[in-house]
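Everything on this sheet refers to the single structure shown next.
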Amino acid sequence: MTNKNDIEKPWQGRFSEPTDKFVEAFTASVTFDKRLYKHDIAGSTAHARMLGECGILSKDEVETICRGLQNILQQIEDDKFEWSIKLEDVHMNIEAQLTTLIGDTGKKLHTGRSRNDQVATDVRLYLREEIDTCKQLLLNLMHGVVELAANETDTIMPGFTHLQTAQPVTFGHHLLAWYSMMVRDLDRLFDCRKRVNCMPLGAAALAGTTYPINRHFTAELLGFETIATNSLDAVSDRDFVIEYISWASILIMHLSRISEELVLWNSARFKFIDLPDRFCTGSSIMPQKKNPDVPELVRGKSGRIFGNLVSLLTLMKGQALAYNKDNQEDKEPLFDTIDNIKGCLRAFGDMIPALVANRDEMRSAAAEGFSTATDLADYLVKKDLPFRDAHEVVGKAVAFAINKHCDLPAMTLEQFKQFSPIIEDDVYKVLTLEGSVNARNHAGGTAPEQVKLAVEQAREYLAQYR
Ligand code: ARG
């Protein structure tokens with residue numbers, strides 16, 4: 001049996017000297033693209049079966065090739081496969097091993113195919129599978145957020161604008177704002193998957209092939225929904241990678257915003273939540289510290305994912321049709337994005353349901369900072385004062401309260417009447433936190449009744465994917 005390492009590079013024929021050792025290592029991708037092995041073998045198996053179906057290879061040859069490929073899959077999974085830099089990439093490593101195992105029939109596998117359409121196919125197959133994993137992780141997180149919201153429909157916290165206390169909201173409502181972002185993320189992921197699931201195979205190097213191939217047959221075997229309609233585009237297109245990283249960028253931007261809130265809320269200044277110890281770490285110098293490392297790290301991961309998006313956009317912008325070696329640089333940013341986004345989704349999916357709300361702290365923070373001032377203005381408007389005048393009256397009342405170091409509900413009716421004679425005893429119930437949130441009882445509003453409805457709708461939405 002020939003040793004794989006003795007096999008010449010498949011393209012050696014045209015060359016008069018061996019590749020420079022440094023150049024060999026510099027141009028090789030096997031160290032990172034070997035993670036595509038399963039999809040490379042699946043693509044090759046389908047390609048061989050199609051060649052058989054179309055009478056380009058004999059049935060026996062196809063069976064021999066498929067058995068050989070299965071063998072190689074086993075070797076790789078048993079960690080018995082020797083990857084060689086000399087053979088450049090995952091594709092040539094596997095093809096060379098096939099010839100080592102089954103002899104000359106192995107050399108027929110590449111009929112009507114090029115590494116250009118092969119690699120594009122492998123990456124699509126691989127990414128399609130990872131998208132399905134991401135989908136499950138995201139759904140799990142969404143489920144966690146919704147169930148936490150279901151427990152906190154009546155919990156009152158301050159809502160912020162400019163990080164200043166604005167109006168009271170329910171914590172459940174705040175959590176469902178996160179959920180709303182994630183619904184869009186899920187939708188974008190589905191949309192991305194559609195364009196990933198398109199088969200380039202058959203485009204060969206760039207112009208198609210002279211063999212009577214049947215691309216639909218291969219696509220069917222590989223579960224591709226469509227086939228690429230132009231061979232030049234098929235081998236050079238990396239939009240689908242860019243789309244996936246764009247998806248990941250928007251998602252990590254959301255997770256980073258959420259992280260920022262978690263870090264603030266977990267701090268001694270806010271004390272709105274407790275992150276369980278198992279999601280935090282300590283300080284090697286300050287014994288009292290419990291640091292919210294998980295949200296901080298997720299917030300930090302956004303940097304590399306945005307960077308990966310810029311990498312890919314820059315990688316593509318200067319490329320004339322069709323395939324260029326530049327494209328080899330698509331893999332590491334893609335793999336890095338997948339690994340990190342899965343890690344973030346996993347960490348959040350575990351952590352969010354375990355988060356403990358300090359309801360008393362949230363409530364007393366909501367009671368401070370004149371959070372029901374808008375309610376007072378609305379009260380005056382309902383008594384026929386124009387809104388701008390009402391705003392002015394309340395502004396003055398707030399300035400008065402600041403001076404007296406008290407909150408609006410602590411002011412006497414007499415004090416209120418200095419600012420507007422139409423204020424009556426019934427003002428106190430609009431100044432309560434419950435009165436404030438309950439009054440915002442319309443679709444999309446923060447009232448507990450609406451949050452309960454929104455939780456039900458969210459549960460129904462998620463149930464279709466269970
Ligand atoms: N390792 C290469 C890549 O990742 C595979 C395709 C190589 N094709 C070529 N014509 N050199 O893009």
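Residues in the structure tokens are named by chain (A, B, ... in the order shown) and by number from 1 within that chain; ligands are numbered from 1 in the order shown.
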>> At a cut-off of 9 Å and counting only C-alpha atoms and all ligand atoms, what residues surround ligand 1? Please answer as a ChimeraX atom specification.
In response: /A:27-30,33,88-92,114-120,205,323-331
> Can you tell me, as a VMD selection string, what residues are no more than 8 Å from region 453-457 of chain A when counting only C-alpha atoms, ignoring any on the same chain fewer than 2 positions away?
Replying inline: chain A and resid 146 to 147 149 to 150 176 444 449 to 451 459 to 461
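Here the strand (DSSP E or B) residues in region 179-397 of chain A, by DSSP on the backbone, are Cys198, Met199, Thr226, Ile227, Ile273, Asp274, Thr281, Asn291, Val356 and Ala357 of chain A.
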Hey, can you spit out that residue selection with all heavy atoms as an mmCIF file, in the first residue's frame?
```cif
data_model
loop_
_atom_site.group_PDB
_atom_site.id
_atom_site.type_symbol
_atom_site.label_atom_id
_atom_site.label_comp_id
_atom_site.auth_asym_id
_atom_site.auth_seq_id
_atom_site.Cartn_x
_atom_site.Cartn_y
_atom_site.Cartn_z
ATOM 1 N N CYS A 198 -27.950 26.355 -0.326
ATOM 2 C CA CYS A 198 -27.948 26.387 -1.794
ATOM 3 C C CYS A 198 -26.644 25.730 -2.265
ATOM 4 O O CYS A 198 -25.574 26.041 -1.734
ATOM 5 C CB CYS A 198 -28.022 27.856 -2.224
ATOM 6 S SG CYS A 198 -27.780 28.110 -3.978
ATOM 7 N N MET A 199 -26.716 24.817 -3.200
ATOM 8 C CA MET A 199 -25.545 23.992 -3.541
ATOM 9 C C MET A 199 -24.684 24.514 -4.691
ATOM 10 O O MET A 199 -25.142 24.632 -5.814
ATOM 11 C CB MET A 199 -26.004 22.574 -3.886
ATOM 12 C CG MET A 199 -24.829 21.611 -3.999
ATOM 13 S SD MET A 199 -25.287 20.003 -4.668
ATOM 14 C CE MET A 199 -25.471 20.424 -6.395
ATOM 15 N N THR A 226 -31.838 24.437 -2.916
ATOM 16 C CA THR A 226 -31.696 24.968 -4.273
ATOM 17 C C THR A 226 -30.265 24.689 -4.753
ATOM 18 O O THR A 226 -29.396 24.322 -3.963
ATOM 19 C CB THR A 226 -31.896 26.503 -4.299
ATOM 20 O OG1 THR A 226 -31.035 27.088 -3.313
ATOM 21 C CG2 THR A 226 -33.337 26.883 -3.994
ATOM 22 N N ILE A 227 -30.043 24.891 -6.074
ATOM 23 C CA ILE A 227 -28.672 24.822 -6.583
ATOM 24 C C ILE A 227 -28.279 26.211 -7.080
ATOM 25 O O ILE A 227 -29.132 26.970 -7.555
ATOM 26 C CB ILE A 227 -28.500 23.763 -7.701
ATOM 27 C CG1 ILE A 227 -29.367 24.096 -8.919
ATOM 28 C CG2 ILE A 227 -28.828 22.372 -7.196
ATOM 29 C CD1 ILE A 227 -29.087 23.193 -10.119
ATOM 30 N N ILE A 273 -30.519 42.713 41.025
ATOM 31 C CA ILE A 273 -30.492 41.255 40.821
ATOM 32 C C ILE A 273 -29.298 40.643 41.547
ATOM 33 O O ILE A 273 -28.341 41.342 41.885
ATOM 34 C CB ILE A 273 -30.359 40.875 39.320
ATOM 35 C CG1 ILE A 273 -29.111 41.536 38.698
ATOM 36 C CG2 ILE A 273 -31.605 41.225 38.543
ATOM 37 C CD1 ILE A 273 -28.651 40.881 37.423
ATOM 38 N N ASP A 274 -29.402 39.334 41.757
ATOM 39 C CA ASP A 274 -28.240 38.555 42.194
ATOM 40 C C ASP A 274 -27.951 37.539 41.116
ATOM 41 O O ASP A 274 -28.845 36.783 40.701
ATOM 42 C CB ASP A 274 -28.559 37.818 43.496
ATOM 43 C CG ASP A 274 -28.351 38.725 44.696
ATOM 44 O OD1 ASP A 274 -27.415 39.546 44.645
ATOM 45 O OD2 ASP A 274 -29.130 38.619 45.657
ATOM 46 N N THR A 281 -17.027 35.106 39.406
ATOM 47 C CA THR A 281 -15.716 34.713 39.924
ATOM 48 C C THR A 281 -15.277 35.749 40.941
ATOM 49 O O THR A 281 -15.865 36.833 41.041
ATOM 50 C CB THR A 281 -14.655 34.622 38.812
ATOM 51 O OG1 THR A 281 -14.506 35.919 38.258
ATOM 52 C CG2 THR A 281 -15.029 33.639 37.740
ATOM 53 N N ASN A 291 -17.488 38.992 41.022
ATOM 54 C CA ASN A 291 -17.540 39.712 39.748
ATOM 55 C C ASN A 291 -18.461 39.034 38.728
ATOM 56 O O ASN A 291 -18.423 37.809 38.585
ATOM 57 C CB ASN A 291 -16.133 39.816 39.152
ATOM 58 C CG ASN A 291 -15.200 40.597 40.055
ATOM 59 O OD1 ASN A 291 -15.632 41.515 40.756
ATOM 60 N ND2 ASN A 291 -13.935 40.203 40.057
ATOM 61 N N VAL A 356 -31.755 36.035 40.100
ATOM 62 C CA VAL A 356 -32.720 36.303 41.172
ATOM 63 C C VAL A 356 -33.012 37.798 41.229
ATOM 64 O O VAL A 356 -32.104 38.619 41.332
ATOM 65 C CB VAL A 356 -32.156 35.838 42.542
ATOM 66 C CG1 VAL A 356 -33.151 36.128 43.663
ATOM 67 C CG2 VAL A 356 -31.809 34.362 42.487
ATOM 68 N N ALA A 357 -34.305 38.148 41.140
ATOM 69 C CA ALA A 357 -34.699 39.563 41.189
ATOM 70 C C ALA A 357 -34.866 39.997 42.640
ATOM 71 O O ALA A 357 -35.536 39.331 43.422
ATOM 72 C CB ALA A 357 -36.005 39.752 40.439
#
```
>> Nearest residue to Asp336 (chain A) out of A:Ile102, A:Met286, A:Ile245, A:Ile258, using only C-alpha atoms?
In response: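 Counting only C-alpha atoms, the residue closest to Asp336 (chain A) is A:Ile245.
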>> Quick one: residues within 7 Å of region 237-241 of chain A, only C-alpha atoms, excluding same-chain residues fewer than 2 positions away - as a PyMOL selection string?
In response: chain A and resi 195-196+233-235+243-245+334
Would you output that residue set with all heavy atoms, as a tab-separated table (two decimals), in the first residue's frame?
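Listing of again.tsv after writing:
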```
chain	number	residue	atom	x	y	z
A	195	ARG	N	-30.42	31.00	2.43
A	195	ARG	CA	-29.38	31.26	1.41
A	195	ARG	C	-28.12	30.43	1.63
A	195	ARG	O	-27.36	30.23	0.69
A	195	ARG	CB	-29.08	32.76	1.34
A	195	ARG	CG	-30.09	33.51	0.46
A	195	ARG	CD	-29.84	34.99	0.45
A	195	ARG	NE	-30.00	35.57	1.76
A	195	ARG	CZ	-31.17	35.90	2.30
A	195	ARG	NH1	-32.28	35.71	1.63
A	195	ARG	NH2	-31.23	36.39	3.52
A	196	VAL	N	-27.93	29.94	2.85
A	196	VAL	CA	-26.82	29.00	3.08
A	196	VAL	C	-27.13	27.69	2.36
A	196	VAL	O	-26.25	27.03	1.81
A	196	VAL	CB	-26.62	28.76	4.59
A	196	VAL	CG1	-25.66	27.60	4.84
A	196	VAL	CG2	-26.10	30.03	5.26
A	233	ASP	N	-20.49	32.61	-9.90
A	233	ASP	CA	-20.94	33.08	-8.59
A	233	ASP	C	-20.85	31.95	-7.56
A	233	ASP	O	-20.44	32.18	-6.42
A	233	ASP	CB	-22.39	33.59	-8.72
A	233	ASP	CG	-22.93	34.13	-7.41
A	233	ASP	OD1	-22.24	34.97	-6.78
A	233	ASP	OD2	-24.03	33.73	-7.01
A	234	ALA	N	-21.20	30.75	-7.98
A	234	ALA	CA	-21.24	29.61	-7.06
A	234	ALA	C	-19.91	29.42	-6.32
A	234	ALA	O	-19.88	29.20	-5.12
A	234	ALA	CB	-21.61	28.34	-7.80
A	235	VAL	N	-18.80	29.50	-7.05
A	235	VAL	CA	-17.51	29.22	-6.43
A	235	VAL	C	-16.92	30.43	-5.69
A	235	VAL	O	-16.04	30.28	-4.85
A	235	VAL	CB	-16.46	28.71	-7.44
A	235	VAL	CG1	-16.80	27.30	-7.90
A	235	VAL	CG2	-16.32	29.65	-8.62
A	243	GLU	N	-23.47	36.92	5.82
A	243	GLU	CA	-24.81	37.01	6.41
A	243	GLU	C	-24.85	36.36	7.79
A	243	GLU	O	-25.46	36.88	8.72
A	243	GLU	CB	-25.85	36.34	5.50
A	243	GLU	CG	-26.22	37.18	4.31
A	243	GLU	CD	-27.43	36.63	3.57
A	243	GLU	OE1	-28.45	36.30	4.21
A	243	GLU	OE2	-27.36	36.52	2.34
A	244	TYR	N	-24.20	35.21	7.90
A	244	TYR	CA	-24.19	34.55	9.21
A	244	TYR	C	-23.46	35.42	10.24
A	244	TYR	O	-23.94	35.58	11.37
A	244	TYR	CB	-23.53	33.16	9.12
A	244	TYR	CG	-23.41	32.53	10.49
A	244	TYR	CD1	-24.49	31.91	11.09
A	244	TYR	CD2	-22.22	32.64	11.20
A	244	TYR	CE1	-24.40	31.38	12.37
A	244	TYR	CE2	-22.11	32.11	12.48
A	244	TYR	CZ	-23.20	31.48	13.06
A	244	TYR	OH	-23.09	30.99	14.33
A	245	ILE	N	-22.34	35.97	9.86
A	245	ILE	CA	-21.59	36.79	10.84
A	245	ILE	C	-22.36	38.09	11.13
A	245	ILE	O	-22.29	38.61	12.24
A	245	ILE	CB	-20.13	37.02	10.40
A	245	ILE	CG1	-19.44	35.68	10.12
A	245	ILE	CG2	-19.36	37.76	11.49
A	245	ILE	CD1	-17.98	35.79	9.71
A	334	LEU	N	-15.04	32.75	10.48
A	334	LEU	CA	-16.34	32.07	10.58
A	334	LEU	C	-16.35	31.11	11.78
A	334	LEU	O	-17.27	31.12	12.60
A	334	LEU	CB	-16.67	31.31	9.29
A	334	LEU	CG	-17.93	30.45	9.35
A	334	LEU	CD1	-19.18	31.30	9.56
A	334	LEU	CD2	-18.10	29.60	8.08
```
> Per DSSP on the backbone, what are the alpha helix (DSSP H) residues of region 143-239 of chain A, as a PyMOL selection string?
Replying inline: chain A and resi 143-151+171-196+215-222+231-236+239
> Which one of A:Met157, A:Cys344, A:Leu251, A:Val381 sits closest to Arg359 (chain A) if you count only C-alpha atoms?
Replying inline: A:Met157
